[in-house]
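Next comes upload34.txt, with compact mmCIF, C-alpha atoms.
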```
# COMPACT_ATOMS: atom_id res chain seq x y z
CA MET A 7 -40.63 -45.16 11.12
CA ASP A 8 -41.08 -42.71 14.01
CA LYS A 9 -41.22 -39.02 13.19
CA PRO A 10 -38.21 -36.95 14.29
CA HIS A 11 -38.88 -34.94 17.45
CA ALA A 12 -38.43 -31.16 17.67
CA VAL A 13 -38.64 -29.27 20.98
CA VAL A 14 -39.45 -25.55 20.85
CA ILE A 15 -38.50 -23.53 23.93
CA GLY A 16 -40.87 -20.55 24.08
CA SER A 17 -44.37 -20.00 22.72
CA GLY A 18 -44.03 -16.56 21.21
CA ILE A 19 -44.75 -15.73 17.58
CA GLY A 20 -41.55 -17.31 16.26
CA GLY A 21 -41.83 -20.43 18.40
CA LEU A 22 -45.46 -21.14 17.52
CA THR A 23 -44.96 -20.45 13.81
CA ALA A 24 -41.98 -22.81 13.82
CA ALA A 25 -44.07 -25.45 15.57
CA VAL A 26 -46.84 -25.20 12.96
CA ALA A 27 -44.39 -25.25 10.04
CA LEU A 28 -42.39 -28.19 11.41
CA HIS A 29 -45.55 -30.15 12.21
CA GLY A 30 -46.76 -29.53 8.66
CA CYS A 31 -43.62 -30.98 7.08
CA GLY A 32 -43.46 -34.14 9.17
CA TRP A 33 -41.94 -33.40 12.57
CA ARG A 34 -43.37 -34.37 15.95
CA VAL A 35 -43.28 -31.14 17.93
CA THR A 36 -43.35 -30.21 21.62
CA VAL A 37 -43.57 -26.55 22.67
CA LEU A 38 -42.40 -25.74 26.21
CA GLU A 39 -43.66 -22.47 27.73
CA ARG A 40 -42.65 -21.33 31.21
CA ALA A 41 -45.79 -19.20 31.72
CA ALA A 42 -48.87 -20.78 33.26
CA SER A 43 -51.02 -19.94 30.21
CA LEU A 44 -50.71 -18.73 26.64
CA GLU A 45 -51.97 -15.25 27.38
CA PRO A 46 -49.60 -13.34 25.09
CA VAL A 47 -47.43 -10.55 26.42
CA GLY A 48 -48.05 -7.48 24.31
CA ALA A 49 -50.88 -5.69 22.59
CA GLY A 50 -50.77 -5.35 18.83
CA ILE A 51 -48.56 -6.66 16.06
CA ALA A 52 -48.18 -5.41 12.49
CA LEU A 53 -47.83 -8.19 9.94
CA ALA A 54 -46.26 -6.90 6.75
CA PRO A 55 -46.52 -8.51 3.30
CA ASN A 56 -43.25 -10.41 3.80
CA SER A 57 -44.55 -12.33 6.81
CA GLN A 58 -47.95 -12.79 5.18
CA ARG A 59 -46.26 -14.58 2.28
CA ALA A 60 -44.38 -16.70 4.80
CA LEU A 61 -47.70 -17.57 6.42
CA ASP A 62 -49.06 -18.61 3.01
CA VAL A 63 -46.73 -21.61 3.28
CA ILE A 64 -48.73 -22.91 6.27
CA GLY A 65 -52.10 -21.86 4.82
CA LEU A 66 -52.61 -18.88 7.12
CA GLY A 67 -51.81 -15.93 4.84
CA ASP A 68 -55.27 -15.23 3.44
CA GLU A 69 -56.81 -15.58 6.88
CA ILE A 70 -54.47 -12.88 8.17
CA ARG A 71 -55.06 -10.62 5.16
CA SER A 72 -58.79 -10.74 5.86
CA LEU A 73 -58.08 -8.91 9.14
CA ALA A 74 -56.61 -5.83 7.45
CA ALA A 75 -58.27 -2.66 8.71
CA TRP A 76 -56.19 0.12 7.11
CA GLN A 77 -58.14 1.69 4.25
CA GLY A 78 -57.33 4.98 2.56
CA ASP A 79 -54.73 7.48 3.74
CA GLY A 80 -52.32 7.39 6.63
CA GLY A 81 -48.89 8.74 7.33
CA MET A 82 -46.60 10.71 9.61
CA ARG A 83 -47.45 13.83 11.61
CA ILE A 84 -45.89 16.18 14.14
CA PRO A 85 -47.39 16.84 17.61
CA SER A 86 -49.33 19.89 16.37
CA GLY A 87 -51.13 17.64 13.89
CA ARG A 88 -49.46 18.83 10.68
CA TRP A 89 -48.82 15.99 8.25
CA LEU A 90 -45.20 15.34 7.33
CA SER A 91 -45.98 12.60 4.85
CA ARG A 92 -48.99 10.70 3.59
CA THR A 93 -49.15 7.12 2.40
CA ASN A 94 -52.14 5.40 0.85
CA SER A 95 -52.96 1.81 1.75
CA THR A 96 -53.60 0.96 -1.91
CA VAL A 97 -50.18 2.25 -2.96
CA ALA A 98 -48.48 0.22 -0.24
CA THR A 99 -50.42 -2.91 -1.20
CA GLU A 100 -49.56 -2.53 -4.88
CA ARG A 101 -45.86 -1.98 -4.17
CA PHE A 102 -45.36 -4.91 -1.81
CA GLY A 103 -48.10 -7.30 -2.86
CA GLY A 104 -50.23 -7.07 0.26
CA PRO A 105 -51.59 -4.80 3.01
CA ILE A 106 -50.17 -4.05 6.43
CA VAL A 107 -52.33 -6.00 8.88
CA LEU A 108 -52.63 -4.77 12.47
CA LEU A 109 -54.06 -7.33 14.85
CA HIS A 110 -53.96 -8.19 18.52
CA ARG A 111 -51.22 -10.65 19.41
CA ALA A 112 -53.81 -12.83 21.15
CA THR A 113 -55.65 -13.20 17.84
CA PHE A 114 -52.50 -14.28 16.04
CA VAL A 115 -51.50 -16.70 18.80
CA ASP A 116 -54.97 -18.27 18.73
CA ARG A 117 -54.77 -18.79 14.94
CA LEU A 118 -51.38 -20.49 15.28
CA VAL A 119 -52.30 -22.72 18.22
CA ALA A 120 -55.44 -23.86 16.38
CA ARG A 121 -53.16 -25.49 13.79
CA LEU A 122 -51.34 -27.64 16.33
CA PRO A 123 -52.60 -30.97 17.66
CA ASP A 124 -53.14 -31.43 21.39
CA PRO A 125 -51.04 -31.57 23.51
CA THR A 126 -48.25 -29.91 21.50
CA VAL A 127 -48.02 -26.87 23.78
CA ARG A 128 -47.10 -27.47 27.42
CA THR A 129 -47.53 -24.47 29.72
CA ASP A 130 -45.95 -24.03 33.15
CA ALA A 131 -42.98 -25.89 31.67
CA ALA A 132 -39.78 -23.92 32.17
CA ALA A 133 -36.96 -25.46 30.15
CA GLU A 134 -33.18 -25.30 30.09
CA LEU A 135 -30.87 -26.48 27.34
CA LEU A 136 -28.44 -29.01 28.82
CA ASP A 137 -26.76 -30.22 25.64
CA PRO A 138 -27.09 -28.77 22.12
CA GLY A 139 -26.35 -32.19 20.64
CA ALA A 140 -24.36 -32.98 17.53
CA VAL A 141 -25.86 -33.28 14.04
CA ASP A 142 -23.79 -36.41 13.37
CA GLY A 143 -24.12 -37.85 16.87
CA ALA A 144 -25.90 -37.34 20.19
CA ARG A 145 -29.36 -35.83 20.35
CA ALA A 146 -29.93 -32.52 22.14
CA VAL A 147 -31.12 -32.58 25.75
CA VAL A 148 -33.59 -30.18 27.37
CA ARG A 149 -34.23 -30.21 31.12
CA THR A 150 -37.68 -29.55 32.60
CA ALA A 151 -39.14 -30.03 36.06
CA ALA A 152 -40.86 -33.17 34.76
CA GLY A 153 -37.61 -34.66 33.50
CA ASP A 154 -35.08 -34.43 30.69
CA ILE A 155 -36.22 -34.56 27.06
CA GLU A 156 -34.03 -35.75 24.21
CA ALA A 157 -34.72 -34.14 20.85
CA ASP A 158 -33.55 -34.42 17.27
CA LEU A 159 -33.87 -30.64 17.04
CA VAL A 160 -34.22 -27.85 19.63
CA ILE A 161 -35.52 -24.40 18.66
CA GLY A 162 -34.63 -21.56 21.01
CA ALA A 163 -37.55 -19.14 20.77
CA ASP A 164 -37.26 -17.79 24.30
CA GLY A 165 -37.00 -14.10 23.54
CA ILE A 166 -34.57 -11.28 23.98
CA ASN A 167 -33.12 -12.62 27.24
CA SER A 168 -32.77 -16.08 25.73
CA GLY A 169 -31.26 -18.72 27.96
CA VAL A 170 -30.72 -20.91 24.90
CA ARG A 171 -28.67 -18.18 23.21
CA GLY A 172 -26.59 -17.78 26.35
CA ALA A 173 -25.94 -21.52 26.45
CA LEU A 174 -24.90 -21.63 22.78
CA PHE A 175 -22.82 -18.45 22.73
CA PRO A 176 -21.74 -17.61 26.30
CA ALA A 177 -19.07 -15.13 25.12
CA HIS A 178 -21.52 -12.99 23.16
CA PRO A 179 -22.23 -9.61 24.85
CA GLY A 180 -25.99 -10.01 24.46
CA PRO A 181 -28.58 -7.26 23.95
CA SER A 182 -27.88 -3.57 24.60
CA TYR A 183 -30.28 -0.80 25.60
CA ALA A 184 -31.55 1.13 22.59
CA GLY A 185 -31.99 4.35 24.55
CA PHE A 186 -35.77 4.50 24.73
CA THR A 187 -38.82 2.93 26.29
CA THR A 188 -42.20 2.02 24.80
CA TRP A 189 -45.85 1.88 25.87
CA ARG A 190 -48.68 -0.09 24.22
CA ILE A 191 -52.42 0.01 24.73
CA VAL A 192 -55.58 -1.37 23.12
CA VAL A 193 -58.74 0.68 23.69
CA PRO A 194 -62.36 0.67 22.45
CA ALA A 195 -63.08 2.25 19.09
CA SER A 196 -62.65 6.01 18.92
CA GLU A 197 -65.86 8.05 18.79
CA ARG A 198 -64.56 9.92 15.76
CA PRO A 199 -62.86 8.35 12.73
CA PHE A 200 -59.15 9.05 12.32
CA ALA A 201 -56.50 8.35 9.70
CA PRO A 202 -53.85 5.90 10.89
CA HIS A 203 -50.76 7.85 11.81
CA GLU A 204 -47.38 7.85 13.49
CA THR A 205 -46.52 11.19 15.09
CA TRP A 206 -42.89 12.18 15.70
CA GLY A 207 -41.84 14.72 18.29
CA ARG A 208 -38.61 15.54 20.11
CA GLY A 209 -37.25 12.25 21.38
CA ALA A 210 -40.72 10.72 21.28
CA LEU A 211 -43.32 9.27 18.94
CA TRP A 212 -46.92 8.08 19.07
CA GLY A 213 -48.83 5.75 16.77
CA THR A 214 -52.60 5.25 16.51
CA GLN A 215 -53.89 2.38 14.38
CA PRO A 216 -57.34 0.75 13.90
CA LEU A 217 -57.94 -2.96 14.39
CA LYS A 218 -60.40 -5.01 12.34
CA ASP A 219 -62.57 -5.71 15.41
CA GLY A 220 -63.20 -1.99 15.89
CA ARG A 221 -60.74 -1.41 18.71
CA THR A 222 -57.73 0.92 18.47
CA TYR A 223 -54.12 -0.11 18.98
CA ALA A 224 -51.80 2.68 20.07
CA TYR A 225 -48.17 2.85 21.05
CA GLY A 226 -45.75 5.43 22.33
CA ALA A 227 -41.99 5.66 22.60
CA ALA A 228 -39.71 8.14 24.33
CA VAL A 229 -36.09 8.63 25.25
CA ALA A 230 -35.66 7.59 28.89
CA PRO A 231 -33.08 5.97 31.16
CA ALA A 232 -33.16 2.19 31.27
CA GLY A 233 -35.39 0.93 34.06
CA ASP A 234 -37.13 4.29 34.58
CA ARG A 235 -40.80 4.01 35.58
CA ALA A 236 -43.63 6.41 36.41
CA ALA A 237 -43.89 7.46 40.04
CA ASP A 238 -47.69 7.00 39.93
CA ASP A 239 -48.86 4.92 36.95
CA GLU A 240 -48.04 4.60 33.27
CA LYS A 241 -51.35 6.01 32.04
CA ALA A 242 -50.58 9.22 33.90
CA GLU A 243 -47.09 9.18 32.38
CA LEU A 244 -48.57 8.88 28.89
CA MET A 245 -50.85 11.82 29.54
CA ARG A 246 -47.93 13.93 30.76
CA ARG A 247 -45.85 13.10 27.71
CA PHE A 248 -48.47 12.95 24.96
CA GLY A 249 -51.70 14.47 26.35
CA HIS A 250 -51.03 17.83 24.66
CA TRP A 251 -50.42 16.27 21.23
CA HIS A 252 -53.00 16.42 18.42
CA ASP A 253 -56.35 14.58 18.37
CA PRO A 254 -57.16 11.75 18.80
CA ILE A 255 -54.11 11.08 21.01
CA PRO A 256 -55.45 12.60 24.28
CA SER A 257 -58.79 10.79 24.01
CA ILE A 258 -57.04 7.49 23.16
CA ILE A 259 -54.93 7.75 26.30
CA ALA A 260 -57.97 8.73 28.38
CA ALA A 261 -59.79 5.60 27.19
CA ALA A 262 -57.03 3.29 28.42
CA GLU A 263 -57.32 1.37 31.67
CA SER A 264 -54.42 2.20 33.97
CA GLY A 265 -53.58 -1.40 34.68
CA GLN A 266 -53.57 -2.32 30.98
CA VAL A 267 -50.80 0.05 29.86
CA LEU A 268 -47.77 -2.05 28.92
CA ARG A 269 -44.32 -0.51 29.25
CA ASN A 270 -41.08 -2.09 28.09
CA ASP A 271 -37.59 -0.76 27.60
CA VAL A 272 -36.17 -1.54 24.17
CA TYR A 273 -33.10 -3.75 23.83
CA GLN A 274 -31.44 -4.86 20.62
CA LEU A 275 -28.75 -7.28 19.43
CA THR A 276 -26.58 -4.80 17.57
CA ASP A 277 -23.66 -7.26 17.71
CA PRO A 278 -24.69 -10.10 15.38
CA LEU A 279 -24.27 -13.66 16.57
CA PRO A 280 -21.59 -15.74 14.84
CA SER A 281 -24.26 -18.26 13.87
CA PHE A 282 -27.89 -19.11 14.57
CA ARG A 283 -27.11 -22.72 15.38
CA ARG A 284 -24.83 -25.06 17.26
CA GLY A 285 -25.18 -28.82 17.11
CA ARG A 286 -28.86 -29.74 16.87
CA THR A 287 -30.00 -26.43 18.41
CA VAL A 288 -31.09 -23.34 16.50
CA LEU A 289 -32.38 -19.85 17.35
CA VAL A 290 -35.37 -17.94 15.93
CA GLY A 291 -36.86 -14.50 16.51
CA ASP A 292 -35.64 -12.19 19.27
CA SER A 293 -33.41 -14.95 20.60
CA ALA A 294 -31.38 -14.63 17.40
CA HIS A 295 -31.74 -11.00 16.31
CA ALA A 296 -33.71 -8.73 18.67
CA MET A 297 -34.26 -5.36 17.00
CA ALA A 298 -35.73 -1.95 17.72
CA PRO A 299 -39.44 -1.72 16.79
CA SER A 300 -38.86 1.29 14.53
CA LEU A 301 -39.49 -0.71 11.33
CA GLY A 302 -42.19 -2.94 12.85
CA GLN A 303 -40.24 -6.02 11.72
CA GLY A 304 -39.47 -7.93 14.91
CA GLY A 305 -42.42 -10.31 14.72
CA ASN A 306 -42.27 -10.44 10.93
CA GLN A 307 -38.68 -11.63 10.96
CA ALA A 308 -39.55 -14.28 13.55
CA VAL A 309 -42.24 -15.60 11.19
CA GLU A 310 -39.76 -15.63 8.30
CA ASP A 311 -37.24 -17.50 10.47
CA ALA A 312 -39.76 -20.20 11.29
CA ILE A 313 -40.81 -20.83 7.71
CA VAL A 314 -37.26 -20.84 6.34
CA LEU A 315 -36.12 -23.18 9.13
CA ALA A 316 -38.87 -25.70 8.37
CA HIS A 317 -37.98 -25.54 4.69
CA HIS A 318 -34.33 -26.43 5.34
CA VAL A 319 -34.85 -29.14 7.97
CA ALA A 320 -37.58 -31.20 6.33
CA PRO A 321 -37.20 -34.80 7.58
CA ASP A 322 -36.02 -36.03 4.19
CA ARG A 323 -33.05 -33.63 4.23
CA ASP A 324 -29.67 -33.74 5.94
CA LEU A 325 -30.09 -31.91 9.27
CA GLY A 326 -26.56 -30.51 9.45
CA ALA A 327 -26.70 -29.10 5.93
CA GLY A 328 -30.19 -27.75 6.59
CA LEU A 329 -29.19 -25.89 9.76
CA ALA A 330 -26.14 -24.44 8.02
CA ALA A 331 -28.35 -23.27 5.14
CA TYR A 332 -30.78 -21.70 7.62
CA THR A 333 -28.00 -19.60 9.16
CA ALA A 334 -26.68 -18.68 5.71
CA ASP A 335 -30.16 -17.50 4.67
CA ARG A 336 -31.18 -15.69 7.83
CA LEU A 337 -28.08 -14.21 9.50
CA PRO A 338 -27.17 -11.66 6.78
CA ARG A 339 -30.77 -10.58 6.21
CA THR A 340 -31.72 -10.12 9.85
CA SER A 341 -28.41 -8.43 10.72
CA ALA A 342 -29.06 -5.85 8.00
CA ILE A 343 -32.60 -5.23 9.28
CA VAL A 344 -31.34 -4.88 12.87
CA ARG A 345 -28.94 -2.17 11.66
CA LYS A 346 -31.62 -0.42 9.63
CA ALA A 347 -34.04 -0.46 12.58
CA ALA A 348 -31.33 1.00 14.82
CA GLN A 349 -30.74 3.80 12.30
CA ALA A 350 -34.47 4.64 12.21
CA ALA A 351 -34.56 4.60 16.00
CA ARG A 352 -31.75 7.16 16.12
CA LEU A 353 -33.92 9.55 14.10
CA MET A 354 -36.71 9.13 16.64
CA ARG A 355 -34.33 9.79 19.54
CA LEU A 356 -33.31 13.24 18.26
CA THR A 357 -34.06 15.84 20.94
CA SER A 358 -32.40 19.08 19.84
CA ALA A 359 -34.77 21.51 18.13
CA PRO A 360 -32.54 22.13 15.06
CA ALA A 361 -31.99 18.41 14.46
CA VAL A 362 -35.71 17.66 14.79
CA ALA A 363 -36.59 20.52 12.44
CA LEU A 364 -34.14 19.21 9.83
CA ARG A 365 -35.48 15.67 10.18
CA ASP A 366 -39.06 16.84 9.75
CA ALA A 367 -38.18 19.00 6.75
CA LEU A 368 -36.48 16.08 5.03
CA MET A 369 -39.46 13.80 5.67
CA SER A 370 -41.85 16.42 4.31
CA THR A 371 -39.74 16.99 1.22
CA VAL A 372 -39.50 13.29 0.45
CA SER A 373 -43.25 12.95 0.84
CA ARG A 374 -43.95 15.77 -1.63
CA LEU A 375 -41.83 13.96 -4.23
CA GLY A 376 -44.26 11.03 -4.09
CA PRO A 377 -45.59 8.40 -1.67
CA THR A 378 -43.48 5.68 -3.24
CA LEU A 379 -40.30 7.38 -2.03
CA VAL A 380 -41.46 6.97 1.58
CA LEU A 381 -42.25 3.31 0.94
CA ARG A 382 -38.78 2.66 -0.45
CA THR A 383 -37.61 2.33 3.15
CA PHE A 384 -39.13 -1.14 3.04
CA ASP A 385 -37.73 -2.23 -0.31
CA GLY A 386 -35.82 -5.44 0.25
CA ILE A 387 -37.81 -6.07 3.43
CA ALA A 388 -41.54 -6.15 2.72
CA ASP A 389 -41.07 -7.63 -0.76
CA TRP A 390 -39.28 -10.78 0.53
CA GLN A 391 -40.43 -14.14 -0.81
CA PRO A 392 -40.22 -17.48 1.07
CA PRO A 393 -38.12 -20.29 -0.41
CA GLN A 394 -41.28 -22.34 -1.04
CA HIS A 395 -43.72 -21.34 -3.78
CA THR A 396 -47.03 -20.20 -2.34
CA TYR A 397 -50.36 -19.02 -3.60
CA ALA A 398 -49.11 -15.44 -3.15
CA ALA A 399 -46.01 -15.90 -5.32
CA PRO A 400 -45.98 -13.77 -8.50
CA THR A 401 -46.31 -15.73 -11.75
CA LYS A 402 -47.39 -15.08 -15.31
CA ASP A 403 -50.99 -15.76 -14.29
CA ALA A 404 -50.87 -13.19 -11.44
CA HIS A 405 -54.16 -11.72 -12.67
CA ARG A 406 -55.90 -14.77 -11.25
CA SER A 407 -57.13 -14.76 -7.68
CA PRO A 408 -54.92 -16.40 -5.02
CA ARG A 409 -57.43 -19.25 -4.67
CA GLN A 410 -57.47 -19.83 -8.43
CA THR A 411 -53.69 -20.16 -8.63
CA SER A 412 -52.88 -21.91 -5.36
CA ALA A 413 -52.96 -25.43 -6.75
CA ARG A 414 -50.77 -24.47 -9.71
CA ARG A 415 -48.13 -22.72 -7.59
CA ALA A 416 -47.68 -25.06 -4.67
CA ARG A 417 -44.73 -27.38 -4.88
CA PRO A 418 -45.53 -31.07 -4.30
CA GLY A 419 -44.88 -31.98 -0.72
CA SER A 420 -44.89 -28.40 0.55
CA PRO A 421 -46.96 -27.72 3.71
CA ASN A 422 -49.57 -25.62 1.89
CA ARG A 423 -50.82 -28.53 -0.20
```
Let me see the file written as C-alpha cells.
Amino acid sequence: MDKPHAVVIGSGIGGLTAAVALHGCGWRVTVLERAASLEPVGAGIALAPNSQRALDVIGLGDEIRSLAAWQGDGGMRIPSGRWLSRTNSTVATERFGGPIVLLHRATFVDRLVARLPDPTVRTDAAAELLDPGAVDGARAVVRTAAGDIEADLVIGADGINSGVRGALFPAHPGPSYAGFTTWRIVVPASERPFAPHETWGRGALWGTQPLKDGRTYAYGAAVAPAGDRAADDEKAELMRRFGHWHDPIPSIIAAAESGQVLRNDVYQLTDPLPSFRRGRTVLVGDSAHAMAPSLGQGGNQAVEDAIVLAHHVAPDRDLGAGLAAYTADRLPRTSAIVRKAAQAARLMRLTSAPAVALRDALMSTVSRLGPTLVLRTFDGIADWQPPQHTYAAPTKDAHRSPRQTSARRARPGSPNR
C-alpha cells in the first residue's frame, strides 16, 4: 500500500520539524520552499525545554541539549549596567527539566534537513493552495510552476504573511503591528567574558547571549513606526540607540558587519483564528499564531505544533478526527501564549520615566524574593510535555540517565524508537 502524501509549504522551523515528524511516522513528505536555497532567514533561536522535549520524539532532543552554552548566572539589567534580576542556569534547568539552548538557526535547519531523505525539500518552488480538500472526499491541491500536486495532507508553514492562512480564512484580519522593531546580529566571540543578559531601557531592550561555537548572538528591540528604517545603515542605528549602554553592548555592535544586521518589524496574530485547519489543510507556526518575541516562544511553539500534528495524523488514524484533535490541542495553548507575549511586549514598550521606574522596581523586588519567582513567568509554557512518551519524560526512575531510560519510556510505534 502506498504511503499517504503530505505537502509542506514553507521550510522554516515548523515546516521542517513537521516534515521530519511526519516522515518518521509513515508519511511520504514533500517540502516546497519558494527561496532558491535553504539559507535560513534570521540569526539565533532559543530552544526552551518544552521544544527540546518535543524534539525528543524525533530523536533530536539530546543533540540540541549538547549545544547549550549558558552556564552560571544571567539575568536582566538596565542601560547603566545595574542588575534588576539574576537567574542561574542550574535553577532554570532544575525547574523546567532542561537548559535554554541558544543556537544559530542555520545549525538547527541543518540538523532537521539531515533527517529527511533526498529529495524531500524542493527549493525555488513557490506554491499556492488551490483547494484545501475534504477529509472525507477530494484530496487537497497545491499549484507550483512545475504543475499541480494532489496531497492527502497540506501543511501551511509559510510564515506570518501566510498565503495558506489567507486561503483558508479570507475574512480573518491577519497580523497587526506590535509597535516595535527588532535587530539581530551574530558576531565573533567577545574578548572579555560576560554574563548572558537582557537589558531593558525606555521603549527599548538589548540581549547578549553566547553560542556554543564561541560566537555571540545579540538582539535589540525598540519602539518605532512600522516600516521605519535607518537613513544610513542599521549598524549605525544600533550604535545611536544602544552604543551608550553598558559593556559589552558597544563592543558587540562594533564587531557586527553592517550588511549582516537583520531588522524586522514585529507583527502578531492577536485575533486568534477560528481553527487551525480546513479540509485536508492545516497551519503550523507563525502561519497559525504569530507572536511577539518577548517570551522567546515563536520557534518553540512551531516545534510543538509539528510534533503534536504528527501524533494526531499518524497514517493508522482517522485524518478528520486527527486534525480536529490537533486544533483542540494547539489553539487554546498558543492563543494564551500569544496574549502573554503581547503583555510582556507592552512592558518593554513603556517610554515614560515614571512607568519605566515602576517596572524596574517591581522586577528588582521580585528578583530579591528569589530566582524562582522570575522563572514562574514560564510555568505552563516551558514545562509542557508532548503527547508521546519520550526519553525526557519524568518517571519513577528519573534518576537514570536519558539514555538508560529511553527504551523503557518510548511507546511502541512512536518515532523515537
Legend entry - Nearest residue to Gly207 of chain A from the set A:Asp137, A:Glu263, A:Asp154, A:Asp366 (distances using all atoms listed in the file):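 Among the listed residues, A:Asp366 lies closest to Gly207 of chain A.
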Legend entry - Selected residue, from A:Ala348, A:Ala24, A:Leu211, A:Leu53, that lies nearest to Gly305 of chain A when counting all atoms listed in the file: A:Leu53
Legend entry - Nearest-residue call for Met369 of chain A, choices A:Arg117, A:Arg92, A:Arg40, A:His295, using all atoms listed in the file: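 Nearest candidate to Met369 of chain A out of A:Arg117, A:Arg92, A:Arg40, A:His295: A:Arg92.
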Inset, instruction - May I ask for the distance between atom CA of Leu275 of chain A and atom CA of Pro181 of chain A, given in Å to one decimal place? - result: 4.5 Å
Legend entry - Between atom CA of Gln394 of chain A and atom CA of Asp158 of chain A, distance in Å (one decimal):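 One can read the atom CA of Gln394 of chain A to atom CA of Asp158 of chain A distance as 23.3 Å.
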Inset, instruction - Name the closest residue to Gly185 of chain A among the candidates A:Ala308, A:Ala230, A:Ala296, A:Ala41; distances are taken between atoms, counting all atoms listed in the file. - result: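 Among the listed residues, A:Ala230 lies closest to Gly185 of chain A.
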Inset, instruction - Return the single residue from A:Ile161, A:Val362, A:Leu135, A:Val192 that is closest to Leu329 of chain A, with distances computed using all atoms listed in the file. - result: A:Ile161
Inset, instruction - Choose the residue, out of A:Val290, A:Ala140, A:Ile51, A:Ile106, that has the smallest atom-to-atom separation from Ala163 of chain A; count only C-alpha atoms. - result: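 Ranked by minimum distance to Ala163 of chain A, first place goes to A:Val290.
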Legend entry - Between atom CA of Phe282 of chain A and atom CA of Leu109 of chain A, distance in Å (one decimal): 28.7 Å
Legend entry - Spatial neighbours of Ala131 of chain A, 9 Å, only C-alpha atoms, chain gap at least 6 places, as JSON, numbers by chain: {"A": [38, 39, 40, 41, 42, 150, 151, 152]}
Inset, instruction - Excluding Asp335 of chain A and any residue of its chain fewer than 2 positions from it, enumerate the residues within 10 Å of it, using all atoms listed in the file, and give them as a ChimeraX atom specification. - result: /A:311,314-315,318,329-333,337-340,393
Inset, instruction - Tell me which protein, DNA and RNA residues are within 7 Å of Thr93 of chain A, counting only C-alpha atoms, leaving out same-chain ones fewer than 2 positions away, and put them as a count of residues only. - result: 6
Inset, instruction - Name the residues in contact with segment 8-21 of chain A at a cut-off of 9 Å, using all atoms listed in the file, excluding same-chain residues fewer than 3 positions from it; report them as a PyMOL selection string. - result: chain A and resi 24-26+28+32-40+44+46-47+111+114-115+118+127+129+132-135+148+155-165+170+290-292+305-312+321
Got time to write the residues from that selection, C-alpha atoms, as a PDB file, in the coordinates of the input?
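Contents of result_24.pdb, as written:
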```pdb
ATOM      1  CA  ALA A  24     -41.980 -22.810  13.820  1.00  0.00           C
ATOM      2  CA  ALA A  25     -44.070 -25.450  15.570  1.00  0.00           C
ATOM      3  CA  VAL A  26     -46.840 -25.200  12.960  1.00  0.00           C
ATOM      4  CA  LEU A  28     -42.390 -28.190  11.410  1.00  0.00           C
ATOM      5  CA  GLY A  32     -43.460 -34.140   9.170  1.00  0.00           C
ATOM      6  CA  TRP A  33     -41.940 -33.400  12.570  1.00  0.00           C
ATOM      7  CA  ARG A  34     -43.370 -34.370  15.950  1.00  0.00           C
ATOM      8  CA  VAL A  35     -43.280 -31.140  17.930  1.00  0.00           C
ATOM      9  CA  THR A  36     -43.350 -30.210  21.620  1.00  0.00           C
ATOM     10  CA  VAL A  37     -43.570 -26.550  22.670  1.00  0.00           C
ATOM     11  CA  LEU A  38     -42.400 -25.740  26.210  1.00  0.00           C
ATOM     12  CA  GLU A  39     -43.660 -22.470  27.730  1.00  0.00           C
ATOM     13  CA  ARG A  40     -42.650 -21.330  31.210  1.00  0.00           C
ATOM     14  CA  LEU A  44     -50.710 -18.730  26.640  1.00  0.00           C
ATOM     15  CA  PRO A  46     -49.600 -13.340  25.090  1.00  0.00           C
ATOM     16  CA  VAL A  47     -47.430 -10.550  26.420  1.00  0.00           C
ATOM     17  CA  ARG A 111     -51.220 -10.650  19.410  1.00  0.00           C
ATOM     18  CA  PHE A 114     -52.500 -14.280  16.040  1.00  0.00           C
ATOM     19  CA  VAL A 115     -51.500 -16.700  18.800  1.00  0.00           C
ATOM     20  CA  LEU A 118     -51.380 -20.490  15.280  1.00  0.00           C
ATOM     21  CA  VAL A 127     -48.020 -26.870  23.780  1.00  0.00           C
ATOM     22  CA  THR A 129     -47.530 -24.470  29.720  1.00  0.00           C
ATOM     23  CA  ALA A 132     -39.780 -23.920  32.170  1.00  0.00           C
ATOM     24  CA  ALA A 133     -36.960 -25.460  30.150  1.00  0.00           C
ATOM     25  CA  GLU A 134     -33.180 -25.300  30.090  1.00  0.00           C
ATOM     26  CA  LEU A 135     -30.870 -26.480  27.340  1.00  0.00           C
ATOM     27  CA  VAL A 148     -33.590 -30.180  27.370  1.00  0.00           C
ATOM     28  CA  ILE A 155     -36.220 -34.560  27.060  1.00  0.00           C
ATOM     29  CA  GLU A 156     -34.030 -35.750  24.210  1.00  0.00           C
ATOM     30  CA  ALA A 157     -34.720 -34.140  20.850  1.00  0.00           C
ATOM     31  CA  ASP A 158     -33.550 -34.420  17.270  1.00  0.00           C
ATOM     32  CA  LEU A 159     -33.870 -30.640  17.040  1.00  0.00           C
ATOM     33  CA  VAL A 160     -34.220 -27.850  19.630  1.00  0.00           C
ATOM     34  CA  ILE A 161     -35.520 -24.400  18.660  1.00  0.00           C
ATOM     35  CA  GLY A 162     -34.630 -21.560  21.010  1.00  0.00           C
ATOM     36  CA  ALA A 163     -37.550 -19.140  20.770  1.00  0.00           C
ATOM     37  CA  ASP A 164     -37.260 -17.790  24.300  1.00  0.00           C
ATOM     38  CA  GLY A 165     -37.000 -14.100  23.540  1.00  0.00           C
ATOM     39  CA  VAL A 170     -30.720 -20.910  24.900  1.00  0.00           C
ATOM     40  CA  VAL A 290     -35.370 -17.940  15.930  1.00  0.00           C
ATOM     41  CA  GLY A 291     -36.860 -14.500  16.510  1.00  0.00           C
ATOM     42  CA  ASP A 292     -35.640 -12.190  19.270  1.00  0.00           C
ATOM     43  CA  GLY A 305     -42.420 -10.310  14.720  1.00  0.00           C
ATOM     44  CA  ASN A 306     -42.270 -10.440  10.930  1.00  0.00           C
ATOM     45  CA  GLN A 307     -38.680 -11.630  10.960  1.00  0.00           C
ATOM     46  CA  ALA A 308     -39.550 -14.280  13.550  1.00  0.00           C
ATOM     47  CA  VAL A 309     -42.240 -15.600  11.190  1.00  0.00           C
ATOM     48  CA  GLU A 310     -39.760 -15.630   8.300  1.00  0.00           C
ATOM     49  CA  ASP A 311     -37.240 -17.500  10.470  1.00  0.00           C
ATOM     50  CA  ALA A 312     -39.760 -20.200  11.290  1.00  0.00           C
ATOM     51  CA  PRO A 321     -37.200 -34.800   7.580  1.00  0.00           C
TER      52      PRO A 321
END
```
Inset, instruction - Fewer than 3 positions away in the same chain doesn't count, so skip those; otherwise give me all residues within 12 Å of Ala363 of chain A, counting all atoms listed in the file, as a PyMOL selection string. - result: chain A and resi 84+90+206-208+353+356-360+366-370
